[in-house]
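Dumped run-v8.json below, it's JSON, C-alpha atoms:
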[["chain", "number", "residue", "atom", "x", "y", "z"],
["A", 1464, "MET", "CA", 9.54, -60.71, 29.91],
["A", 1465, "SER", "CA", 10.90, -57.57, 28.26],
["A", 1466, "LEU", "CA", 12.04, -54.85, 30.61],
["A", 1467, "PHE", "CA", 11.31, -52.20, 28.02],
["A", 1468, "ALA", "CA", 7.93, -51.31, 26.55],
["A", 1469, "ALA", "CA", 7.88, -51.09, 22.80],
["A", 1470, "CYS", "CA", 8.17, -47.51, 21.59],
["A", 1471, "LYS", "CA", 5.88, -46.43, 18.82],
["A", 1472, "LYS", "CA", 7.61, -44.26, 16.25],
["A", 1473, "GLN", "CA", 6.08, -40.77, 16.21],
["A", 1474, "GLU", "CA", 5.28, -39.45, 12.76],
["A", 1475, "TYR", "CA", 5.39, -35.76, 11.94],
["A", 1476, "GLN", "CA", 3.64, -33.99, 9.09],
["A", 1477, "SER", "CA", 5.86, -32.25, 6.61],
["A", 1478, "ILE", "CA", 5.37, -28.53, 6.00],
["A", 1479, "GLU", "CA", 3.92, -29.43, 2.60],
["A", 1480, "GLU", "CA", 1.30, -31.60, 4.29],
["A", 1481, "LEU", "CA", 0.51, -28.98, 6.92],
["A", 1482, "ASP", "CA", 0.08, -26.32, 4.23],
["A", 1483, "ALA", "CA", -2.17, -28.55, 2.12],
["A", 1484, "VAL", "CA", -4.43, -29.40, 5.07],
["A", 1485, "SER", "CA", -4.81, -25.78, 6.22],
["A", 1486, "ILE", "CA", -5.54, -24.47, 2.70],
["A", 1487, "ASP", "CA", -8.02, -27.24, 1.91],
["A", 1488, "SER", "CA", -9.86, -26.64, 5.21],
["A", 1489, "TYR", "CA", -9.94, -22.88, 4.55],
["A", 1490, "ILE", "CA", -11.35, -23.32, 1.06],
["A", 1491, "ARG", "CA", -14.11, -25.60, 2.35],
["A", 1492, "ALA", "CA", -14.95, -23.46, 5.37],
["A", 1493, "ASN", "CA", -15.27, -20.31, 3.25],
["A", 1494, "ASN", "CA", -16.84, -21.98, 0.21],
["A", 1495, "LEU", "CA", -14.25, -20.43, -2.09],
["A", 1496, "THR", "CA", -14.23, -20.91, -5.83],
["A", 1497, "VAL", "CA", -10.50, -21.18, -6.45],
["A", 1498, "GLN", "CA", -8.31, -23.09, -8.88],
["A", 1499, "PRO", "CA", -4.99, -24.82, -8.21],
["A", 1500, "LEU", "CA", -1.99, -23.13, -9.77],
["A", 1501, "GLY", "CA", -0.23, -26.15, -11.22],
["A", 1502, "ASN", "CA", 1.63, -28.13, -8.58],
["A", 1503, "THR", "CA", 2.81, -25.05, -6.67],
["A", 1504, "GLY", "CA", 0.40, -25.56, -3.79],
["A", 1505, "MET", "CA", -1.11, -22.13, -4.51],
["A", 1506, "TYR", "CA", -4.75, -21.54, -5.39],
["A", 1507, "TYR", "CA", -6.13, -18.52, -7.20],
["A", 1508, "GLN", "CA", -9.34, -16.80, -8.23],
["A", 1509, "ILE", "CA", -9.65, -13.94, -10.72],
["A", 1510, "LEU", "CA", -11.92, -11.43, -8.99],
["A", 1511, "GLU", "CA", -11.70, -8.87, -11.77],
["A", 1512, "GLU", "CA", -10.20, -9.47, -15.18],
["A", 1513, "GLY", "CA", -7.30, -7.16, -16.01],
["A", 1514, "LYS", "CA", -8.10, -4.54, -18.63],
["A", 1515, "GLY", "CA", -4.75, -2.79, -18.87],
["A", 1516, "ASN", "CA", -1.30, -3.69, -20.13],
["A", 1517, "ASP", "CA", 0.52, -7.01, -19.95],
["A", 1518, "ILE", "CA", 2.20, -7.63, -16.59],
["A", 1519, "ASP", "CA", 5.93, -8.28, -16.54],
["A", 1520, "TYR", "CA", 8.43, -8.88, -13.74],
["A", 1521, "THR", "CA", 10.58, -5.96, -14.89],
["A", 1522, "GLY", "CA", 7.68, -3.51, -14.86],
["A", 1523, "ARG", "CA", 7.02, -1.21, -11.90],
["A", 1524, "TYR", "CA", 3.45, -1.44, -10.65],
["A", 1525, "ALA", "CA", 1.23, -0.05, -7.93],
["A", 1526, "LEU", "CA", -0.22, -2.92, -5.89],
["A", 1527, "VAL", "CA", -2.95, -2.59, -3.27],
["A", 1528, "TYR", "CA", -3.70, -5.70, -1.27],
["A", 1529, "THR", "CA", -5.20, -7.21, 1.85],
["A", 1530, "VAL", "CA", -3.77, -10.25, 3.59],
["A", 1531, "ARG", "CA", -4.84, -12.56, 6.38],
["A", 1532, "SER", "CA", -3.51, -15.80, 7.76],
["A", 1533, "LEU", "CA", -5.89, -18.69, 7.19],
["A", 1534, "ASP", "CA", -6.39, -19.10, 10.95],
["A", 1535, "GLY", "CA", -7.36, -15.41, 11.25],
["A", 1536, "VAL", "CA", -4.61, -14.61, 13.74],
["A", 1537, "TYR", "CA", -2.88, -12.14, 11.42],
["A", 1538, "SER", "CA", -4.85, -9.68, 9.30],
["A", 1539, "VAL", "CA", -4.09, -6.45, 7.40],
["A", 1540, "THR", "CA", -7.17, -5.01, 5.70],
["A", 1541, "ASP", "CA", -6.50, -1.25, 5.70],
["A", 1542, "THR", "CA", -5.51, -0.65, 2.08],
["A", 1543, "PHE", "CA", -4.09, 2.79, 2.95],
["A", 1544, "ALA", "CA", -1.52, 1.29, 5.33],
["A", 1545, "SER", "CA", 2.11, 0.80, 4.29],
["A", 1546, "ALA", "CA", 1.72, -2.94, 4.83],
["A", 1547, "SER", "CA", -0.94, -3.06, 2.10],
["A", 1548, "ARG", "CA", 0.77, -1.01, -0.60],
["A", 1549, "TYR", "CA", 3.66, -1.65, -2.93],
["A", 1550, "PHE", "CA", 5.20, 0.32, -5.76],
["A", 1551, "ASP", "CA", 8.25, -1.22, -7.37],
["A", 1552, "TYR", "CA", 9.29, -3.93, -9.80],
["A", 1553, "LEU", "CA", 6.90, -6.86, -9.70],
["A", 1554, "GLY", "CA", 9.92, -9.17, -9.70],
["A", 1555, "TYR", "CA", 10.78, -8.02, -6.18],
["A", 1556, "PHE", "CA", 7.26, -8.44, -4.77],
["A", 1557, "LEU", "CA", 7.37, -11.15, -2.11],
["A", 1558, "GLY", "CA", 4.27, -10.23, -0.14],
["A", 1559, "ALA", "CA", 6.30, -9.60, 3.02],
["A", 1560, "ALA", "CA", 9.34, -7.61, 4.06],
["A", 1561, "PRO", "CA", 12.03, -7.44, 2.93],
["A", 1562, "GLN", "CA", 11.04, -6.68, -0.64],
["A", 1563, "GLY", "CA", 11.56, -4.06, -3.31],
["A", 1564, "THR", "CA", 14.69, -2.55, -4.82],
["A", 1565, "ALA", "CA", 15.93, -1.36, -1.43],
["A", 1566, "ILE", "CA", 17.14, -4.90, -0.76],
["A", 1567, "SER", "CA", 17.79, -6.02, -4.34],
["A", 1568, "THR", "CA", 21.57, -5.59, -4.05],
["A", 1569, "SER", "CA", 21.92, -8.17, -1.28],
["A", 1570, "PRO", "CA", 23.16, -11.62, -2.41],
["A", 1571, "ALA", "CA", 19.89, -13.37, -1.58],
["A", 1572, "TYR", "CA", 17.97, -11.11, -3.95],
["A", 1573, "GLN", "CA", 20.34, -10.56, -6.85],
["A", 1574, "GLN", "CA", 18.47, -13.09, -8.98],
["A", 1575, "GLN", "CA", 15.05, -12.42, -7.46],
["A", 1576, "ILE", "CA", 13.52, -10.26, -10.17],
["A", 1577, "GLU", "CA", 13.13, -12.97, -12.83],
["A", 1578, "ARG", "CA", 12.60, -15.94, -10.50],
["A", 1579, "GLU", "CA", 9.32, -17.80, -11.08],
["A", 1580, "GLU", "CA", 7.81, -18.19, -7.62],
["A", 1581, "GLY", "CA", 5.17, -17.19, -5.16],
["A", 1582, "LEU", "CA", 2.75, -14.31, -5.42],
["A", 1583, "LYS", "CA", 4.43, -12.57, -8.32],
["A", 1584, "MET", "CA", 4.17, -15.76, -10.38],
["A", 1585, "ALA", "CA", 0.44, -15.97, -9.70],
["A", 1586, "ILE", "CA", -0.02, -12.31, -10.63],
["A", 1587, "ARG", "CA", 1.89, -12.52, -13.90],
["A", 1588, "SER", "CA", 0.77, -15.93, -15.08],
["A", 1589, "MET", "CA", -2.88, -15.83, -13.97],
["A", 1590, "LEU", "CA", -3.98, -12.17, -13.76],
["A", 1591, "LYS", "CA", -1.79, -11.33, -16.78],
["A", 1592, "LYS", "CA", -2.93, -7.70, -17.21],
["A", 1593, "THR", "CA", -3.04, -4.59, -15.05],
["A", 1594, "ASP", "CA", -6.22, -2.97, -13.69],
["A", 1595, "GLY", "CA", -7.42, -6.33, -12.40],
["A", 1596, "GLN", "CA", -7.77, -8.13, -9.09],
["A", 1597, "ILE", "CA", -6.72, -11.61, -8.03],
["A", 1598, "ARG", "CA", -7.08, -13.73, -4.91],
["A", 1599, "VAL", "CA", -4.17, -16.01, -4.06],
["A", 1600, "LEU", "CA", -3.97, -18.62, -1.31],
["A", 1601, "ILE", "CA", -0.28, -19.18, -0.78],
["A", 1602, "PRO", "CA", 1.35, -21.91, 1.34],
["A", 1603, "SER", "CA", 3.54, -20.83, 4.23],
["A", 1604, "ARG", "CA", 6.58, -22.56, 2.71],
["A", 1605, "LEU", "CA", 6.52, -20.12, -0.23],
["A", 1606, "LEU", "CA", 6.57, -17.04, 2.02],
["A", 1607, "PRO", "CA", 9.68, -15.47, 3.57],
["A", 1608, "TYR", "CA", 8.68, -16.28, 7.18],
["A", 1609, "GLY", "CA", 7.68, -19.89, 6.43],
["A", 1610, "ARG", "CA", 7.61, -22.42, 9.25],
["A", 1611, "ASN", "CA", 8.88, -20.00, 11.92],
["A", 1612, "GLY", "CA", 6.44, -17.14, 11.39],
["A", 1613, "ASN", "CA", 7.35, -13.59, 12.43],
["A", 1614, "THR", "CA", 6.75, -12.66, 16.06],
["A", 1615, "ASP", "CA", 7.48, -8.96, 15.45],
["A", 1616, "LEU", "CA", 4.63, -8.78, 12.93],
["A", 1617, "GLY", "CA", 2.35, -11.14, 14.82],
["A", 1618, "ILE", "CA", 2.50, -13.80, 12.10],
["A", 1619, "PRO", "CA", 2.14, -17.32, 13.54],
["A", 1620, "SER", "CA", 4.26, -20.28, 12.48],
["A", 1621, "ASN", "CA", 3.19, -22.30, 9.42],
["A", 1622, "ALA", "CA", 0.90, -19.45, 8.39],
["A", 1623, "SER", "CA", -0.47, -19.88, 4.90],
["A", 1624, "MET", "CA", -2.02, -16.64, 3.66],
["A", 1625, "ASP", "CA", -5.02, -15.33, 1.75],
["A", 1626, "TYR", "CA", -4.05, -12.36, -0.44],
["A", 1627, "VAL", "CA", -6.42, -10.18, -2.46],
["A", 1628, "ILE", "CA", -4.29, -8.05, -4.80],
["A", 1629, "ARG", "CA", -5.19, -5.25, -7.20],
["A", 1630, "VAL", "CA", -2.61, -4.22, -9.82],
["A", 1631, "ILE", "CA", -3.09, -0.62, -10.98],
["A", 1632, "ASP", "CA", -1.83, 0.46, -14.40],
["A", 1633, "SER", "CA", 0.26, 3.64, -14.46],
["A", 1634, "ALA", "CA", -2.24, 5.23, -16.84],
["A", 1635, "SER", "CA", -5.02, 4.60, -14.31],
["A", 1636, "MET", "CA", -3.24, 6.09, -11.31],
["A", 1637, "PRO", "CA", -4.59, 9.66, -11.65],
["A", 1638, "ALA", "CA", -8.17, 8.35, -11.74],
["A", 1639, "TYR", "CA", -7.46, 5.98, -8.81],
["A", 1640, "GLU", "CA", -6.07, 8.80, -6.68],
["A", 1641, "ASP", "CA", -8.88, 11.18, -7.62],
["A", 1642, "LEU", "CA", -11.40, 8.55, -6.54],
["A", 1643, "SER", "CA", -9.54, 8.07, -3.25],
["A", 1644, "ILE", "CA", -9.67, 11.82, -2.61],
["A", 1645, "ARG", "CA", -13.38, 12.04, -3.42],
["A", 1646, "LYS", "CA", -14.15, 9.13, -1.10],
["A", 1647, "ARG", "CA", -12.17, 10.81, 1.68],
["A", 1648, "MET", "CA", -14.10, 14.04, 1.15],
["A", 1649, "GLN", "CA", -17.41, 12.21, 1.29],
["A", 1650, "ALA", "CA", -16.41, 10.35, 4.46],
["A", 1651, "ALA", "CA", -15.30, 13.62, 6.07],
["A", 1652, "GLY", "CA", -18.61, 15.31, 5.20],
["A", 1653, "LEU", "CA", -17.02, 17.66, 2.68],
["A", 1654, "ASP", "CA", -18.79, 18.88, -0.46],
["A", 1655, "THR", "CA", -16.66, 18.78, -3.60],
["A", 1656, "ALA", "CA", -18.60, 21.79, -4.85],
["A", 1657, "ASP", "CA", -16.93, 23.86, -2.11],
["A", 1658, "PHE", "CA", -13.47, 22.97, -3.42],
["A", 1659, "THR", "CA", -11.50, 24.10, -6.45],
["A", 1660, "LYS", "CA", -9.56, 21.48, -8.39],
["A", 1661, "THR", "CA", -6.20, 22.45, -9.88],
["A", 1662, "GLU", "CA", -4.72, 21.10, -13.10],
["A", 1663, "THR", "CA", -2.38, 18.96, -10.98],
["A", 1664, "GLY", "CA", -5.32, 17.21, -9.29],
["A", 1665, "ILE", "CA", -5.31, 19.06, -5.96],
["A", 1666, "TYR", "CA", -8.66, 19.94, -4.35],
["A", 1667, "TYR", "CA", -8.43, 23.07, -2.16],
["A", 1668, "GLN", "CA", -10.79, 25.24, -0.14],
["A", 1669, "ILE", "CA", -9.80, 28.63, 1.28],
["A", 1670, "THR", "CA", -11.77, 29.21, 4.47],
["A", 1671, "GLU", "CA", -9.87, 32.38, 5.44],
["A", 1672, "GLN", "CA", -7.96, 34.44, 2.88],
["A", 1673, "GLY", "CA", -5.91, 36.37, 5.43],
["A", 1674, "ASP", "CA", -5.00, 40.07, 5.16],
["A", 1675, "GLY", "CA", -1.33, 39.89, 6.09],
["A", 1676, "ASN", "CA", 1.80, 39.50, 4.05],
["A", 1677, "PRO", "CA", 1.57, 37.52, 0.82],
["A", 1678, "ILE", "CA", 3.05, 34.03, 0.74],
["A", 1679, "THR", "CA", 5.53, 32.93, -1.91],
["A", 1680, "VAL", "CA", 7.47, 29.73, -2.54],
["A", 1681, "ASP", "CA", 10.45, 31.43, -0.86],
["A", 1682, "SER", "CA", 8.50, 32.34, 2.30],
["A", 1683, "THR", "CA", 9.22, 30.99, 5.74],
["A", 1684, "ILE", "CA", 5.93, 30.58, 7.56],
["A", 1685, "THR", "CA", 4.83, 29.80, 11.09],
["A", 1686, "CYS", "CA", 1.68, 27.72, 10.96],
["A", 1687, "SER", "CA", -0.51, 25.15, 12.61],
["A", 1688, "TYR", "CA", -1.46, 22.15, 10.53],
["A", 1689, "LYS", "CA", -3.06, 18.73, 10.49],
["A", 1690, "LEU", "CA", -2.33, 15.92, 8.08],
["A", 1691, "HIS", "CA", -4.83, 13.12, 7.56],
["A", 1692, "LEU", "CA", -4.48, 9.98, 5.49],
["A", 1693, "MET", "CA", -7.24, 8.89, 3.15],
["A", 1694, "ASN", "CA", -8.58, 6.47, 5.77],
["A", 1695, "GLY", "CA", -9.19, 9.41, 8.12],
["A", 1696, "THR", "CA", -6.24, 8.72, 10.39],
["A", 1697, "GLU", "CA", -4.58, 11.88, 11.73],
["A", 1698, "PHE", "CA", -1.01, 11.15, 10.79],
["A", 1699, "GLN", "CA", 0.67, 14.33, 11.95],
["A", 1700, "SER", "CA", -0.13, 17.73, 13.48],
["A", 1701, "ALA", "CA", 1.54, 20.76, 15.00],
["A", 1702, "ASP", "CA", 0.29, 23.86, 16.80],
["A", 1703, "SER", "CA", 3.27, 25.97, 15.78],
["A", 1704, "ALA", "CA", 5.66, 24.86, 13.07],
["A", 1705, "THR", "CA", 8.18, 26.96, 11.21],
["A", 1706, "VAL", "CA", 8.42, 25.86, 7.61],
["A", 1707, "LEU", "CA", 10.42, 27.02, 4.60],
["A", 1708, "ILE", "CA", 7.93, 26.43, 1.80],
["A", 1709, "SER", "CA", 10.61, 25.75, -0.81],
["A", 1710, "ASN", "CA", 11.58, 22.67, 1.23],
["A", 1711, "THR", "CA", 8.08, 21.21, 1.27],
["A", 1712, "VAL", "CA", 6.16, 18.99, -1.15],
["A", 1713, "ASN", "CA", 4.81, 20.47, -4.38],
["A", 1714, "ALA", "CA", 1.24, 20.71, -3.06],
["A", 1715, "TRP", "CA", 2.31, 23.21, -0.39],
["A", 1716, "LYS", "CA", 4.23, 25.25, -2.97],
["A", 1717, "GLU", "CA", 1.19, 25.37, -5.23],
["A", 1718, "VAL", "CA", -1.58, 26.03, -2.71],
["A", 1719, "LEU", "CA", -0.16, 28.15, 0.10],
["A", 1720, "PRO", "CA", 0.69, 31.16, -2.15],
["A", 1721, "LYS", "CA", -3.07, 31.38, -2.79],
["A", 1722, "ILE", "CA", -3.57, 32.76, 0.76],
["A", 1723, "ASN", "CA", -1.91, 35.45, 2.88],
["A", 1724, "GLN", "CA", -0.64, 35.57, 6.42],
["A", 1725, "GLY", "CA", -3.62, 34.90, 8.67],
["A", 1726, "GLY", "CA", -5.22, 32.64, 6.10],
["A", 1727, "THR", "CA", -6.48, 29.08, 6.40],
["A", 1728, "VAL", "CA", -6.72, 26.50, 3.65],
["A", 1729, "ARG", "CA", -7.59, 22.84, 3.35],
["A", 1730, "PHE", "CA", -6.37, 20.79, 0.43],
["A", 1731, "LEU", "CA", -6.34, 17.17, -0.61],
["A", 1732, "THR", "CA", -3.50, 16.25, -2.89],
["A", 1733, "PRO", "CA", -2.65, 13.23, -5.01],
["A", 1734, "SER", "CA", 0.66, 11.54, -4.28],
["A", 1735, "THR", "CA", 2.20, 13.04, -7.43],
["A", 1736, "GLN", "CA", 2.18, 16.43, -5.67],
["A", 1737, "ALA", "CA", 3.24, 14.96, -2.31],
["A", 1738, "TYR", "CA", 5.62, 12.02, -1.74],
["A", 1739, "GLY", "CA", 5.17, 10.34, -5.11],
["A", 1740, "TYR", "CA", 4.25, 6.83, -6.07],
["A", 1741, "SER", "CA", 7.13, 5.41, -4.01],
["A", 1742, "GLY", "CA", 6.17, 7.21, -0.79],
["A", 1743, "SER", "CA", 8.73, 7.85, 1.94],
["A", 1744, "SER", "CA", 10.06, 6.14, 5.04],
["A", 1745, "SER", "CA", 6.87, 7.10, 6.90],
["A", 1746, "ILE", "CA", 4.32, 7.68, 4.12],
["A", 1747, "ALA", "CA", 2.93, 4.66, 2.26],
["A", 1748, "PRO", "CA", 3.42, 4.39, -1.51],
["A", 1749, "PHE", "CA", 1.09, 6.45, -3.74],
["A", 1750, "SER", "CA", -0.63, 8.09, -0.76],
["A", 1751, "ALA", "CA", -3.00, 10.98, -1.39],
["A", 1752, "LEU", "CA", -2.96, 13.34, 1.61],
["A", 1753, "ASP", "CA", -5.37, 15.72, 3.35],
["A", 1754, "PHE", "CA", -3.85, 18.93, 4.81],
["A", 1755, "GLU", "CA", -5.41, 21.69, 6.93],
["A", 1756, "ILE", "CA", -3.09, 24.69, 7.38],
["A", 1757, "SER", "CA", -3.45, 28.03, 9.17],
["A", 1758, "VAL", "CA", -0.65, 30.54, 8.57],
["A", 1759, "ARG", "CA", 0.11, 32.81, 11.53],
["A", 1760, "LYS", "CA", 3.31, 34.49, 10.44],
["A", 1761, "THR", "CA", 5.12, 35.03, 7.15],
["A", 1762, "GLU", "CA", 8.67, 36.05, 6.42],
["A", 1763, "ASN", "CA", 9.62, 36.67, 2.80],
["A", 1764, "ASP", "CA", 13.12, 36.71, 1.38],
["A", 1765, "ASP", "CA", 13.86, 39.89, -0.47]]
Written form, structure tokens:
Amino acid sequence: MSLFAACKKQEYQSIEELDAVSIDSYIRANNLTVQPLGNTGMYYQILEEGKGNDIDYTGRYALVYTVRSLDGVYSVTDTFASASRYFDYLGYFLGAAPQGTAISTSPAYQQQIEREEGLKMAIRSMLKKTDGQIRVLIPSRLLPYGRNGNTDLGIPSNASMDYVIRVIDSASMPAYEDLSIRKRMQAAGLDTADFTKTETGIYYQITEQGDGNPITVDSTITCSYKLHLMNGTEFQSADSATVLISNTVNAWKEVLPKINQGGTVRFLTPSTQAYGYSGSSSIAPFSALDFEISVRKTENDD
């Protein structure tokens, strides 16, 4: 009689098998009409045919996207959030940090721009042209966090993802931002007829002209202000801020000289007159902004 019971060898699924099972189950559960992208393990669906220019890895594009893990644990659906916006070379778009030219000098990314892989491959080879929208189901093994996930971002392990990505042509950006501003105004209960639109695309409304000192680009002002994003989020505010206008974004330089000390103005500006298509460390790429400013004190340089 054997003193040892026979041990059954335990079999583990490979990451390829785990990805395939989760994606297939997700497609069936959501009744998706998607197509396999060769033998990459990715699936795609063209939601809106591109009508703009040909897409290339070495072109810089504005991308707006939503993403969710197939199990629903991780989800980013606010398209005005930094996590849902990208403006840089398509060749550096990985769908998750780190990405973009800020990291392109590191050894791991030196050859990234022309590499055929992942989301950027699906965008270029399937969507093909700008001003279109594509859905991509991408296996976890093709994403930077892969099998381990990312606890800081709340991304579980082995998380295959569902991306819906819109690629905006540079020629369409002014119209896109104008639409974003108009939607923000409607959501905030504002009437566009009460606003004046400048040649640079800024909508402004003077609610109090003010009868104090005039304001110039060289003025230092003390003001209260609120800054809202296009989704209505109050991003920043101050009850008393001292600001040298020449150090501010172009929208402030253009609009504030239209009022005097004691005046109040609200203006909604496209990103071209704010932090640009690339954004800043705290402002998402190509973000239109909504400012409300009341000027209490003005000091002018002679």
- Message: Restricting the calculation to only C-alpha atoms: of A:Ile1509, A:Leu1690, A:Ile1669, A:Leu1533, which residue gets closest to Pro1720 of chain A?
- Response: A:Ile1669
- Selection: 8 Å around Ala1622 of chain A, only C-alpha atoms, excl. self and same-chain fewer than 4 positions, as number ranges by chain: A: 1532-1534, 1602-1603, 1609-1610, 1612, 1618
- Item | Gly1563 of chain A surroundings by all atoms listed in the file, 9 Å radius, close-in-sequence under 2 positions cut, as a PyMOL selection string | chain A and resi 1549-1557+1560-1561+1565-1567
- Item | Nearest residue to Met1648 of chain A from the set A:Ile1746, A:Leu1752, A:Met1624, A:Ala1737 (distances using all atoms listed in the file) | A:Leu1752
- Within 10 Å of (11.7, 33.3, -0.9) (coordinates as in the file), grab all the protein and nucleic acid residues, counting only C-alpha atoms, and write them out as a PyMOL selection string. chain A and resi 1678-1683+1707-1709+1762-1765
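With all atoms listed in the file as the atoms that count, the minimum distance from Gly1504 of chain A to the choices A:Ser1750, A:Asn1710, A:Ser1485, A:Thr1529 is reached by A:Ser1485.
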- Item | Atomic separation - atom CA of Met1636 of chain A relative to atom CA of Thr1540 of chain A, Å |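 Pair atom CA of Thr1540 of chain A / atom CA of Met1636 of chain A returns 20.7 Å.
When atom CA of Pro1637 of chain A is paired with atom CA of Pro1733 of chain A, their separation reads 7.8 Å.
Between atom CA of Gly1581 of chain A and atom CA of Thr1568 of chain A the separation is 20.1 Å.
Using all atoms listed in the file, the protein and nucleic acid residues lying at most 9 Å from the point (-13.1, -20.7, -6.5) are Ile1490, Asn1494, Leu1495, Thr1496, Val1497, Gln1498, Tyr1506, Tyr1507, Gln1508 and Ile1509 of chain A.
Nearest to Gln1562 of chain A of all the residues A:Val1630, A:Leu1606, A:Val1599, A:Ala1704 is A:Leu1606, counting all atoms listed in the file.
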- Query: Restricting the calculation to all atoms listed in the file, which member of A:Asn1613, A:Thr1685, A:Asn1694, A:Ser1744 is positioned closest to Gly1725 of chain A?
  - Reply: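 The answer is A:Thr1685, which sits nearest to Gly1725 of chain A.
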- Select, from A:Leu1590, A:Ile1684, A:Met1693, A:Ala1751, the residue with the minimum atom-to-atom distance to Ile1722 of chain A, counting all atoms listed in the file. A:Ile1684
- Item | Shell around Tyr1688 of chain A at 8 Å using only C-alpha atoms, local window under 6 positions removed, as a list in words |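 These residues fall inside the cut-off: Ser1700, Ala1701, Asp1702, Phe1754, Glu1755, Ile1756 and Ser1757 of chain A.
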